[in-house]
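coords12.tsv (TSV, C-alpha atoms and all ligand atoms) appears below.
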chain	number	residue	atom	x	y	z
O	10	MET	CA	64.17	27.17	-12.97
O	11	LYS	CA	61.30	26.34	-15.29
O	12	LEU	CA	59.00	23.39	-14.59
O	13	GLU	CA	58.18	21.21	-17.56
O	14	GLY	CA	55.85	18.99	-15.61
O	15	ILE	CA	55.29	16.71	-12.67
O	16	GLU	CA	55.06	12.94	-12.72
O	17	LEU	CA	52.80	11.39	-10.07
O	18	ARG	CA	53.82	7.86	-9.21
O	19	ARG	CA	51.99	5.47	-6.91
O	20	ILE	CA	53.99	2.77	-5.21
O	21	ALA	CA	53.13	-0.12	-2.89
O	22	MET	CA	55.73	-1.54	-0.53
O	23	PRO	CA	55.18	-4.25	2.09
O	24	LEU	CA	56.22	-3.38	5.65
O	25	VAL	CA	58.57	-5.81	7.41
O	26	ALA	CA	55.91	-6.18	10.14
O	27	PRO	CA	52.45	-4.72	10.78
O	28	PHE	CA	52.65	-1.26	12.41
O	29	ARG	CA	49.80	-0.81	14.89
O	30	THR	CA	48.88	2.56	16.37
O	31	SER	CA	45.84	3.77	18.28
O	32	PHE	CA	44.20	4.66	14.94
O	33	GLY	CA	44.86	1.48	12.97
O	34	THR	CA	47.22	-1.18	11.67
O	35	GLN	CA	49.38	-0.58	8.60
O	36	THR	CA	50.86	-3.52	6.68
O	37	THR	CA	51.87	-1.87	3.41
O	38	LYS	CA	53.06	1.54	2.36
O	39	ASP	CA	50.80	2.97	-0.35
O	40	ALA	CA	52.73	6.08	-1.25
O	41	LEU	CA	52.63	8.88	-3.77
O	42	LEU	CA	55.92	10.10	-5.22
O	43	LEU	CA	56.40	13.22	-7.31
O	44	ARG	CA	59.07	13.77	-9.91
O	45	ALA	CA	59.55	17.40	-10.88
O	46	VAL	CA	61.02	17.76	-14.35
O	47	THR	CA	62.79	20.99	-15.25
O	48	ALA	CA	65.02	22.11	-18.09
O	49	ASP	CA	67.98	21.73	-15.67
O	50	GLY	CA	67.15	18.27	-14.33
O	51	GLU	CA	64.69	16.57	-12.03
O	52	GLY	CA	63.80	16.35	-8.35
O	53	TRP	CA	61.87	13.99	-6.12
O	54	GLY	CA	59.12	14.56	-3.58
O	55	GLU	CA	57.34	12.10	-1.31
O	56	CYS	CA	53.80	12.65	-0.13
O	57	VAL	CA	53.36	11.27	3.40
O	58	SER	CA	49.59	10.89	3.30
O	59	ALA	CA	48.37	7.35	3.99
O	60	ALA	CA	45.77	5.26	2.19
O	61	GLU	CA	43.07	6.16	4.74
O	62	PRO	CA	42.37	9.44	6.59
O	63	LEU	CA	43.13	8.05	10.07
O	64	TYR	CA	46.14	10.07	11.25
O	65	SER	CA	44.88	13.25	9.57
O	66	SER	CA	42.16	14.22	7.12
O	67	GLU	CA	44.50	13.69	4.17
O	68	TYR	CA	44.71	10.41	2.26
O	69	THR	CA	46.69	9.37	-0.79
O	70	ASP	CA	43.94	9.41	-3.43
O	71	ALA	CA	42.89	12.87	-2.26
O	72	SER	CA	46.49	14.11	-2.33
O	73	ALA	CA	46.89	12.89	-5.91
O	74	ASP	CA	43.57	14.48	-6.88
O	75	VAL	CA	44.27	17.90	-5.40
O	76	LEU	CA	47.75	17.88	-6.92
O	77	ARG	CA	46.55	17.12	-10.44
O	78	ARG	CA	43.51	19.41	-10.33
O	79	PHE	CA	44.87	22.43	-8.46
O	80	PHE	CA	48.40	22.38	-7.08
O	81	VAL	CA	50.49	21.33	-10.07
O	82	PRO	CA	48.74	23.78	-12.45
O	83	ALA	CA	49.21	26.55	-9.85
O	84	VAL	CA	53.00	26.19	-9.79
O	85	ARG	CA	53.42	26.47	-13.56
O	86	GLU	CA	55.25	29.79	-13.33
O	87	VAL	CA	57.26	29.32	-10.12
O	88	GLY	CA	60.97	30.00	-10.40
O	89	GLY	CA	62.00	28.02	-7.31
O	90	ALA	CA	60.91	26.19	-4.19
O	91	LYS	CA	60.42	29.37	-2.14
O	92	GLU	CA	57.60	30.35	-4.49
O	93	VAL	CA	55.68	27.09	-4.12
O	94	GLY	CA	54.16	27.84	-0.70
O	95	PRO	CA	52.94	31.32	-1.74
O	96	ALA	CA	51.57	29.94	-5.05
O	97	LEU	CA	49.49	27.38	-3.11
O	98	ALA	CA	48.55	29.57	-0.14
O	99	ARG	CA	45.04	30.35	-1.39
O	100	PHE	CA	44.15	26.65	-1.29
O	101	HIS	CA	43.01	25.40	2.10
O	102	GLY	CA	44.55	22.38	3.76
O	103	HIS	CA	46.12	19.41	1.93
O	104	ARG	CA	49.45	20.24	3.52
O	105	MET	CA	50.96	16.84	2.77
O	106	ALA	CA	50.32	17.32	-0.95
O	107	LYS	CA	51.73	20.85	-0.76
O	108	ALA	CA	54.81	19.57	1.07
O	109	ALA	CA	55.42	16.88	-1.53
O	110	LEU	CA	55.26	19.36	-4.40
O	111	GLU	CA	57.56	21.81	-2.65
O	112	MET	CA	59.97	18.96	-1.85
O	113	ALA	CA	60.17	17.87	-5.49
O	114	VAL	CA	60.80	21.43	-6.70
O	115	LEU	CA	63.31	22.02	-3.91
O	116	ASP	CA	65.23	18.85	-4.78
O	117	ALA	CA	65.33	19.81	-8.46
O	118	GLU	CA	66.47	23.32	-7.66
O	119	LEU	CA	69.16	22.27	-5.18
O	120	ARG	CA	70.50	19.55	-7.47
O	121	ALA	CA	70.83	22.10	-10.23
O	122	ARG	CA	72.70	24.41	-7.82
O	123	GLY	CA	74.85	21.58	-6.42
O	124	MET	CA	73.55	22.40	-2.93
O	125	PRO	CA	72.72	19.73	-0.30
O	126	LEU	CA	69.29	20.09	1.35
O	127	SER	CA	70.90	19.94	4.78
O	128	ARG	CA	73.08	22.97	4.07
O	129	GLU	CA	70.18	24.85	2.48
O	130	LEU	CA	68.09	24.31	5.63
O	131	GLY	CA	70.91	25.33	7.98
O	132	ALA	CA	72.10	21.98	9.30
O	133	VAL	CA	75.02	21.94	11.73
O	134	ARG	CA	75.59	18.15	12.05
O	135	ASP	CA	76.76	15.45	9.64
O	136	ARG	CA	74.93	12.66	11.49
O	137	VAL	CA	71.83	12.50	13.67
O	138	PRO	CA	70.98	10.31	16.67
O	139	CYS	CA	68.09	7.97	15.98
O	140	GLY	CA	65.02	6.91	17.88
O	141	VAL	CA	62.47	4.34	16.82
O	142	SER	CA	58.68	4.23	17.02
O	143	VAL	CA	57.39	0.91	18.36
O	144	GLY	CA	53.85	-0.16	17.53
O	145	ILE	CA	51.22	-1.61	19.84
O	146	MET	CA	51.79	-5.35	20.25
O	147	ASP	CA	49.59	-8.33	21.12
O	148	SER	CA	51.48	-9.01	24.34
O	149	ILE	CA	54.03	-7.47	26.71
O	150	GLY	CA	56.40	-10.35	25.98
O	151	GLU	CA	56.36	-9.57	22.27
O	152	LEU	CA	56.91	-5.87	23.03
O	153	LEU	CA	59.96	-6.60	25.19
O	154	ASP	CA	61.46	-8.75	22.42
O	155	VAL	CA	60.95	-6.02	19.84
O	156	VAL	CA	62.30	-3.22	22.07
O	157	GLY	CA	65.29	-5.40	22.99
O	158	GLY	CA	66.03	-5.88	19.30
O	159	TYR	CA	65.98	-2.14	18.64
O	160	LEU	CA	68.24	-1.42	21.60
O	161	ASP	CA	70.64	-4.07	20.34
O	162	ALA	CA	70.54	-2.39	16.92
O	163	GLY	CA	71.75	0.81	18.59
O	164	TYR	CA	68.66	3.01	18.75
O	165	VAL	CA	69.23	5.72	21.34
O	166	ARG	CA	65.57	6.38	22.12
O	167	ILE	CA	62.43	4.27	22.20
O	168	LYS	CA	58.93	5.59	21.52
O	169	LEU	CA	56.05	3.35	22.49
O	170	LYS	CA	52.70	3.77	20.78
O	171	ILE	CA	49.97	3.77	23.43
O	172	GLU	CA	46.18	3.70	23.63
O	173	PRO	CA	43.70	3.18	26.46
O	174	GLY	CA	44.39	-0.34	27.76
O	175	TRP	CA	48.00	-0.34	26.42
O	176	ASP	CA	49.82	2.36	28.37
O	177	VAL	CA	50.96	2.03	31.99
O	178	GLU	CA	51.71	-1.71	31.85
O	179	PRO	CA	53.85	-1.74	28.69
O	180	VAL	CA	55.76	1.34	29.88
O	181	ARG	CA	56.35	-0.26	33.28
O	182	ALA	CA	57.50	-3.50	31.65
O	183	VAL	CA	59.97	-1.73	29.36
O	184	ARG	CA	61.38	0.30	32.28
O	185	GLU	CA	61.70	-2.81	34.47
O	186	ARG	CA	63.41	-4.85	31.75
O	187	PHE	CA	65.70	-2.23	30.20
O	188	GLY	CA	66.30	0.17	33.07
O	189	ASP	CA	65.96	3.85	33.84
O	190	GLU	CA	68.75	4.96	31.51
O	191	VAL	CA	66.84	4.25	28.28
O	192	LEU	CA	65.41	7.41	26.71
O	193	LEU	CA	61.72	6.55	26.58
O	194	GLN	CA	58.61	8.38	25.39
O	195	VAL	CA	55.04	7.52	24.37
O	196	ASP	CA	52.71	8.54	21.52
O	197	ALA	CA	48.93	8.31	21.89
O	198	ASN	CA	47.90	9.67	18.47
O	199	ALA	CA	44.97	11.51	20.03
O	200	ALA	CA	43.43	8.41	21.66
O	201	TYR	CA	42.60	9.96	25.06
O	202	SER	CA	40.30	12.59	26.50
O	203	LEU	CA	40.81	15.01	29.37
O	204	GLY	CA	38.87	12.59	31.55
O	205	ASP	CA	41.85	10.24	31.26
O	206	ALA	CA	44.16	12.73	33.02
O	207	ARG	CA	44.51	10.57	36.15
O	208	ARG	CA	45.40	7.54	34.04
O	209	LEU	CA	47.97	9.54	32.06
O	210	ALA	CA	49.42	10.97	35.29
O	211	ARG	CA	50.32	7.40	36.29
O	212	LEU	CA	52.93	7.58	33.52
O	213	ASP	CA	54.72	10.25	35.59
O	214	ALA	CA	56.29	7.46	37.63
O	215	PHE	CA	58.39	6.30	34.66
O	216	ASP	CA	60.50	9.35	33.88
O	217	LEU	CA	59.34	9.63	30.25
O	218	LEU	CA	60.78	12.32	27.98
O	219	LEU	CA	57.29	13.24	26.82
O	220	ILE	CA	53.72	12.20	26.07
O	221	GLU	CA	52.98	12.87	22.40
O	222	GLN	CA	49.54	14.10	21.27
O	223	PRO	CA	47.33	12.52	23.95
O	224	LEU	CA	44.19	14.48	22.93
O	225	PRO	CA	42.47	15.25	19.60
O	226	GLU	CA	44.14	17.38	16.95
O	227	GLU	CA	41.96	20.47	17.55
O	228	ASP	CA	42.09	20.35	21.34
O	229	ILE	CA	44.80	22.89	22.12
O	230	LEU	CA	43.15	24.09	25.32
O	231	GLY	CA	42.57	20.51	26.44
O	232	HIS	CA	46.31	19.91	26.15
O	233	ALA	CA	46.96	23.09	28.14
O	234	ASP	CA	44.60	21.84	30.88
O	235	LEU	CA	46.17	18.38	30.80
O	236	ALA	CA	49.62	19.95	31.21
O	237	GLY	CA	48.47	21.13	34.63
O	238	LEU	CA	47.44	17.60	35.62
O	239	VAL	CA	50.45	15.54	34.50
O	240	GLU	CA	54.12	16.18	35.20
O	241	THR	CA	55.49	14.51	32.06
O	242	PRO	CA	55.99	17.13	29.31
O	243	ILE	CA	53.24	17.22	26.67
O	244	CYS	CA	54.53	17.12	23.07
O	245	LEU	CA	52.25	17.92	20.14
O	246	ASP	CA	52.30	16.21	16.75
O	247	GLU	CA	48.93	16.25	14.92
O	248	ALA	CA	48.02	19.68	16.39
O	249	ILE	CA	51.06	21.47	14.97
O	250	THR	CA	49.99	22.27	11.42
O	251	SER	CA	52.07	25.44	10.90
O	252	ALA	CA	54.55	27.80	12.55
O	253	LYS	CA	51.58	29.91	13.66
O	254	ALA	CA	49.92	26.87	15.25
O	255	ALA	CA	53.18	26.09	17.04
O	256	ALA	CA	53.48	29.65	18.36
O	257	ASP	CA	49.85	29.57	19.56
O	258	ALA	CA	50.23	26.16	21.25
O	259	ILE	CA	53.36	27.32	23.05
O	260	ARG	CA	51.76	30.57	24.18
O	261	LEU	CA	48.70	28.72	25.48
O	262	GLY	CA	50.86	26.28	27.44
O	263	ALA	CA	49.61	23.29	25.41
O	264	CYS	CA	53.07	21.79	24.84
O	265	ARG	CA	56.62	21.94	26.15
O	266	ILE	CA	58.07	19.97	23.21
O	267	VAL	CA	57.19	19.89	19.49
O	268	ASN	CA	57.38	17.03	16.99
O	269	ILE	CA	58.17	18.52	13.56
O	270	LYS	CA	57.00	16.66	10.45
O	271	ALA	CA	57.46	18.53	7.20
O	272	GLY	CA	54.56	16.71	5.53
O	273	ARG	CA	52.09	17.69	8.25
O	274	VAL	CA	53.03	21.38	8.08
O	275	GLY	CA	53.16	21.91	4.32
O	276	GLY	CA	56.85	21.46	3.63
O	277	TYR	CA	60.47	21.58	4.75
O	278	LEU	CA	60.58	25.38	4.57
O	279	GLU	CA	57.65	25.71	7.00
O	280	ALA	CA	59.27	22.98	9.12
O	281	ARG	CA	62.36	25.16	9.41
O	282	ARG	CA	60.19	28.11	10.49
O	283	ILE	CA	58.70	25.93	13.25
O	284	HIS	CA	62.23	25.02	14.31
O	285	ASP	CA	63.02	28.73	14.56
O	286	VAL	CA	59.81	29.59	16.46
O	287	CYS	CA	60.44	26.80	18.97
O	288	GLN	CA	64.07	27.79	19.43
O	289	ALA	CA	63.00	31.38	20.13
O	290	HIS	CA	60.67	30.04	22.86
O	291	ASP	CA	63.20	27.56	24.24
O	292	VAL	CA	60.88	24.66	23.33
O	293	PRO	CA	62.85	21.55	22.24
O	294	VAL	CA	61.96	19.92	18.93
O	295	TRP	CA	62.55	16.54	17.31
O	296	CYS	CA	61.93	15.18	13.84
O	297	GLY	CA	58.90	12.93	13.43
O	298	GLY	CA	58.44	10.28	10.78
O	299	MET	CA	55.65	9.07	8.52
O	300	VAL	CA	56.99	5.67	7.48
O	301	GLU	CA	58.87	7.34	4.65
O	302	THR	CA	60.82	5.67	1.88
O	303	GLY	CA	64.47	6.63	1.49
O	304	LEU	CA	63.42	9.87	-0.21
O	305	GLY	CA	61.46	11.31	2.69
O	306	ARG	CA	63.93	9.74	5.11
O	307	ALA	CA	66.82	11.63	3.44
O	308	ALA	CA	64.97	14.92	3.83
O	309	ASN	CA	64.03	14.17	7.44
O	310	VAL	CA	67.63	13.40	8.34
O	311	ALA	CA	68.71	16.70	6.74
O	312	LEU	CA	66.07	18.55	8.78
O	313	ALA	CA	67.02	16.74	11.99
O	314	ALA	CA	70.58	18.05	11.57
O	315	LEU	CA	69.44	21.62	12.34
O	316	PRO	CA	70.75	23.03	15.63
O	317	TRP	CA	67.55	23.06	17.68
O	318	PHE	CA	66.70	19.39	17.04
O	319	THR	CA	67.97	18.55	20.51
O	320	LEU	CA	65.99	15.33	21.01
O	321	PRO	CA	66.43	12.14	18.92
O	322	GLY	CA	63.84	11.82	16.17
O	323	ASP	CA	61.84	8.99	14.59
O	324	THR	CA	64.61	8.89	11.99
O	325	SER	CA	65.05	5.15	12.01
O	326	GLY	CA	67.01	3.09	9.50
O	327	SER	CA	65.31	1.93	6.28
O	328	ASP	CA	65.09	-1.62	7.66
O	329	ARG	CA	62.74	-0.46	10.46
O	330	PHE	CA	59.96	-0.62	7.85
O	331	TYR	CA	61.36	-2.00	4.60
O	332	SER	CA	63.42	-5.01	3.62
O	333	THR	CA	64.19	-3.24	0.33
O	334	ASP	CA	64.09	0.55	0.16
O	335	ILE	CA	63.70	2.38	-3.15
O	336	THR	CA	66.94	4.33	-2.52
O	337	GLU	CA	70.23	3.14	-1.12
O	338	PRO	CA	69.12	2.15	2.38
O	339	PHE	CA	69.74	4.31	5.44
O	340	VAL	CA	71.74	2.13	7.83
O	341	LEU	CA	72.29	2.92	11.50
O	342	ALA	CA	75.90	3.29	12.65
O	343	ASP	CA	76.43	3.65	16.38
O	344	GLY	CA	72.80	4.75	16.78
O	345	HIS	CA	73.12	7.48	14.18
O	346	LEU	CA	72.25	8.05	10.52
O	347	PRO	CA	74.58	9.99	8.25
O	348	VAL	CA	73.22	13.21	6.77
O	349	PRO	CA	73.37	12.89	2.97
O	350	SER	CA	76.01	15.21	1.56
O	351	GLY	CA	75.14	15.17	-2.16
O	352	PRO	CA	73.12	17.88	-3.90
O	353	GLY	CA	69.40	18.11	-3.08
O	354	LEU	CA	68.15	15.09	-1.16
O	355	GLY	CA	71.49	13.41	-1.84
O	356	VAL	CA	69.67	10.19	-2.75
O	357	ALA	CA	67.49	9.13	-5.67
O	358	PRO	CA	65.36	6.08	-6.41
O	359	ILE	CA	67.13	3.04	-7.83
O	360	PRO	CA	65.33	2.69	-11.20
O	361	GLU	CA	64.73	-1.09	-11.17
O	362	THR	CA	63.67	-1.12	-7.52
O	363	LEU	CA	61.32	1.79	-8.09
O	364	GLU	CA	59.83	0.13	-11.15
O	365	ALA	CA	59.21	-3.06	-9.18
O	366	VAL	CA	57.03	-1.28	-6.59
O	367	THR	CA	55.25	1.13	-8.95
O	368	THR	CA	51.53	0.58	-9.39
O	369	SER	CA	50.80	3.55	-11.68
O	370	THR	CA	52.30	6.71	-13.14
O	371	GLU	CA	50.72	9.85	-14.51
O	372	TRP	CA	52.37	12.76	-16.32
O	373	ILE	CA	51.09	16.30	-15.77
O	374	GLY	CA	52.71	18.45	-18.43
O	375	LEU	CA	52.93	22.22	-17.91
O	376	ARG	CA	54.28	23.37	-21.28
O	401	LIG	O1	52.27	9.76	15.15
O	401	LIG	O2	54.35	9.87	14.88
O	401	LIG	C1	53.25	9.43	14.53
O	401	LIG	C2	53.78	6.91	11.74
O	401	LIG	C3	52.69	7.15	10.96
O	401	LIG	C4	51.77	8.09	11.33
O	401	LIG	C5	51.96	8.80	12.52
O	401	LIG	C6	53.07	8.57	13.31
O	401	LIG	C7	53.97	7.60	12.94
O	401	LIG	C8	55.12	7.29	13.79
O	401	LIG	C9	56.49	7.40	13.23
O	401	LIG	O3	55.02	6.98	14.95
O	401	LIG	C10	56.90	6.24	12.41
O	401	LIG	C11	58.19	6.49	11.67
O	401	LIG	O4	59.25	6.19	12.20
O	401	LIG	O5	58.14	6.93	10.51
O	402	MG	MG	52.92	11.10	16.63

Could you express the structure from this file as structure tokens?
Amino acid sequence: MKLEGIELRRIAMPLVAPFRTSFGTQTTKDALLLRAVTADGEGWGECVSAAEPLYSSEYTDASADVLRRFFVPAVREVGGAKEVGPALARFHGHRMAKAALEMAVLDAELRARGMPLSRELGAVRDRVPCGVSVGIMDSIGELLDVVGGYLDAGYVRIKLKIEPGWDVEPVRAVRERFGDEVLLQVDANAAYSLGDARRLARLDAFDLLLIEQPLPEEDILGHADLAGLVETPICLDEAITSAKAAADAIRLGACRIVNIKAGRVGGYLEARRIHDVCQAHDVPVWCGGMVETGLGRAANVALAALPWFTLPGDTSGSDRFYSTDITEPFVLADGHLPVPSGPGLGVAPIPETLEAVTTSTEWIGLR
């Protein structure tokens, strides 16, 4: 495989409804797509960084900048996706940009080989059960309406975003309305401190699957301490930046469950290594989401089909966020999404739809 160049493409897509988390409210998706062009065809990557550095230190303009200045030139000679990570290893951070570049090269390579991403990663399922991430609402009544709609749509697991002041009461209300059978979990996006342990322990009464990332990204030991103060399993998201970070967090007792997001950890190949590390330690994993378009969604569904993804992921249907996706939409059937079976991602942007949401393009030639 020889890379001829990478196209960077910025797109803007409205969300069907504002998505509020403890770190902010998102109303549009301002995304960066990569198109890897090779002599044998092309491949697509999606960078999951957001417009502002609120979830992590990365943000879209910075991802585009580091790609054009450093990462794309550094992969000029790579012969395949496996070489992308090593070629970028000397550069610190910017894992979302690294992941997007690796994804584009991987898609191009697999398409050329006629190999589906799911099979390349080691998937064992042809469909995956789907959960949905539910934002913070203005009222409990509104929350119950939204959760009821998702349950009617077939979602098999509900994740409630929480923050101080929006935690015990919404969880109680959802349990009271929809019953104890619903698989339910919460995600704090680092909004708490160890001093909130007694508050978080009140969630133990509601039989939650997990509490996701209650404390700041760097606070591994804090999570280990918190794990001794609450019964609900702690799951880490932001803190798990690599397979090594996952192994360390597990050894320190900071988490009993891991959320795997390929973008956060530098790519789908590192995501698979985290899957393997967690399986070796008997720590369940599930596939997180970053409000992806159909491109990232396709790759997430492929990843979620690996054997140790034993909990439903944030692999919701396209219509969770978008009225029109840039690929054929992912549509829930009986609470599941089908794993694409075509080569590479198995999906590609629909040219007219992509054009309609594109705000700029830039070609970085390598020959
Ligand atoms: O913490 O899991 C998170 C979305 C954006 C940034 C961070 C997170 C999320 C989600 C998942 O909750 C949303 C999705 O389904 O893509
Ligand atoms: Mg999270």

Box time for ligand LIG 401 (chain O): axis-aligned, enclosing all its listed atoms, 8 Å extra on each side; report centre and edge lengths in Å to one decimal, as AutoDock Vina command-line options.
--center_x 55.5 --center_y 8.0 --center_z 12.8 --size_x 23.5 --size_y 19.7 --size_z 20.6

Margin query: At a cut-off of 9 Å around ligand LIG 401 (chain O), and using all atoms listed in the file, what residues come up? Please write them as a PyMOL selection string.
Written below: chain O and resi 28+30+35+57-59+63-65+140-144+168-170+196-199+221-222+246-247+268+270+297-301+306+322-326+329-330

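Atom pair atom CA of O:Leu219 / atom CA of O:Ala236 has a distance of 11.1 Å (rounded to one decimal).
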
Next item on the list: Counting all atoms listed in the file, figure out which residue out of O:Arg104, O:Arg29, O:Lys11, O:Arg99 gets nearest to O:Gly275.
Entry: O:Arg104

Would you pick out the contacts of stretch 347-360 of chain O at 8 Å or less, using only C-alpha atoms, so that residues sharing its chain but fewer than 3 positions from it are not included, and give the list as a CSV table (one decimal) with C-alpha atoms, in the coordinates of the input?
chain,number,residue,atom,x,y,z
O,52,GLY,CA,63.8,16.4,-8.4
O,53,TRP,CA,61.9,14.0,-6.1
O,115,LEU,CA,63.3,22.0,-3.9
O,116,ASP,CA,65.2,18.8,-4.8
O,117,ALA,CA,65.3,19.8,-8.5
O,118,GLU,CA,66.5,23.3,-7.7
O,119,LEU,CA,69.2,22.3,-5.2
O,120,ARG,CA,70.5,19.6,-7.5
O,121,ALA,CA,70.8,22.1,-10.2
O,122,ARG,CA,72.7,24.4,-7.8
O,123,GLY,CA,74.8,21.6,-6.4
O,124,MET,CA,73.6,22.4,-2.9
O,125,PRO,CA,72.7,19.7,-0.3
O,126,LEU,CA,69.3,20.1,1.4
O,127,SER,CA,70.9,19.9,4.8
O,134,ARG,CA,75.6,18.2,12.0
O,135,ASP,CA,76.8,15.4,9.6
O,136,ARG,CA,74.9,12.7,11.5
O,137,VAL,CA,71.8,12.5,13.7
O,303,GLY,CA,64.5,6.6,1.5
O,304,LEU,CA,63.4,9.9,-0.2
O,307,ALA,CA,66.8,11.6,3.4
O,308,ALA,CA,65.0,14.9,3.8
O,310,VAL,CA,67.6,13.4,8.3
O,311,ALA,CA,68.7,16.7,6.7
O,314,ALA,CA,70.6,18.0,11.6
O,335,ILE,CA,63.7,2.4,-3.2
O,336,THR,CA,66.9,4.3,-2.5
O,337,GLU,CA,70.2,3.1,-1.1
O,339,PHE,CA,69.7,4.3,5.4
O,363,LEU,CA,61.3,1.8,-8.1
O,364,GLU,CA,59.8,0.1,-11.2

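If all atoms listed in the file are the atoms counted, then among O:Gly150, O:Gly174, O:Pro316, O:Pro225 the closest residue to O:Leu130 is O:Pro316.
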
Checklist line | Closest of O:Asp234, O:Glu226, O:Asp257, O:Glu240 to ligand MG 402 (chain O) - atom-to-atom distances counting only C-alpha atoms and all ligand atoms | finding: O:Glu226

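From atom CA of O:Asn309 back to atom CA of O:Ile220, the distance works out to 21.4 Å.
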
Excluding O:Val25 and any residue of its chain fewer than 2 positions from it, enumerate the residues within 7 Å of it, using all atoms listed in the file, and give them as a PDB file with C-alpha atoms, in the frame of the given file.
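Dumped to out_38.pdb:
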ATOM      1  CA  PRO O  23      55.180  -4.250   2.090  1.00  0.00           C
ATOM      2  CA  PHE O 330      59.960  -0.620   7.850  1.00  0.00           C
ATOM      3  CA  TYR O 331      61.360  -2.000   4.600  1.00  0.00           C
ATOM      4  CA  SER O 332      63.420  -5.010   3.620  1.00  0.00           C
TER       5      SER O 332
END

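Pairwise distance (atom CA of O:Phe318, atom CA of O:Val180) equals 24.7 Å.
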
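Shortest atom-to-atom contact with ligand MG 402 (chain O) among O:Thr47, O:Thr37, O:Thr362, O:Gln194: O:Gln194, counting all atoms listed in the file.
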
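For the residues O:Leu110, O:Ala210, O:Ala26, O:Ala40, ranking by smallest atom-to-atom distance to O:Glu61 using only C-alpha atoms places O:Ala40 first.
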
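When all atoms listed in the file are used to compute distances to O:Ala113, the closest of the residues O:Ala214, O:Ala90, O:Ala96, O:Leu192 turns out to be O:Ala90.
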
Checklist line | Contacts of O:Leu76 within 9 Å, only C-alpha atoms, excl. fewer than 3 positions in-chain, as a list in words | finding: Leu17, Ala71, Ser72, Ala73, Phe79, Phe80, Val81, Pro82, Ala106, Lys107 and Leu110 of chain O

Just add N, CA and C atoms to stretch 53-65 of chain O and send it as a tab-separated table (two decimals), in the frame of the given file.
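This went into out_29.tsv:
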chain	number	residue	atom	x	y	z
O	53	TRP	N	62.85	14.92	-6.66
O	53	TRP	CA	61.87	13.99	-6.12
O	53	TRP	C	61.18	14.52	-4.86
O	54	GLY	N	59.88	14.25	-4.78
O	54	GLY	CA	59.12	14.56	-3.58
O	54	GLY	C	58.37	13.32	-3.14
O	55	GLU	N	58.13	13.22	-1.84
O	55	GLU	CA	57.34	12.10	-1.31
O	55	GLU	C	56.18	12.66	-0.52
O	56	CYS	N	54.99	12.21	-0.85
O	56	CYS	CA	53.80	12.65	-0.13
O	56	CYS	C	53.54	11.67	1.01
O	57	VAL	N	53.44	12.18	2.24
O	57	VAL	CA	53.36	11.27	3.40
O	57	VAL	C	51.93	10.89	3.77
O	58	SER	N	50.95	11.30	2.96
O	58	SER	CA	49.59	10.89	3.30
O	58	SER	C	49.47	9.37	3.18
O	59	ALA	N	48.57	8.80	3.97
O	59	ALA	CA	48.37	7.35	3.99
O	59	ALA	C	47.12	6.99	3.20
O	60	ALA	N	46.90	5.70	3.01
O	60	ALA	CA	45.77	5.26	2.19
O	60	ALA	C	44.42	5.68	2.77
O	61	GLU	N	44.34	5.79	4.09
O	61	GLU	CA	43.07	6.16	4.74
O	61	GLU	C	43.27	7.39	5.63
O	62	PRO	N	42.24	8.22	5.76
O	62	PRO	CA	42.37	9.44	6.59
O	62	PRO	C	42.20	9.13	8.08
O	63	LEU	N	43.20	8.48	8.67
O	63	LEU	CA	43.13	8.05	10.07
O	63	LEU	C	44.04	8.88	10.97
O	64	TYR	N	45.21	9.21	10.49
O	64	TYR	CA	46.14	10.07	11.25
O	64	TYR	C	45.71	11.53	11.09
O	65	SER	N	45.38	11.90	9.85
O	65	SER	CA	44.88	13.25	9.57
O	65	SER	C	43.82	13.13	8.49
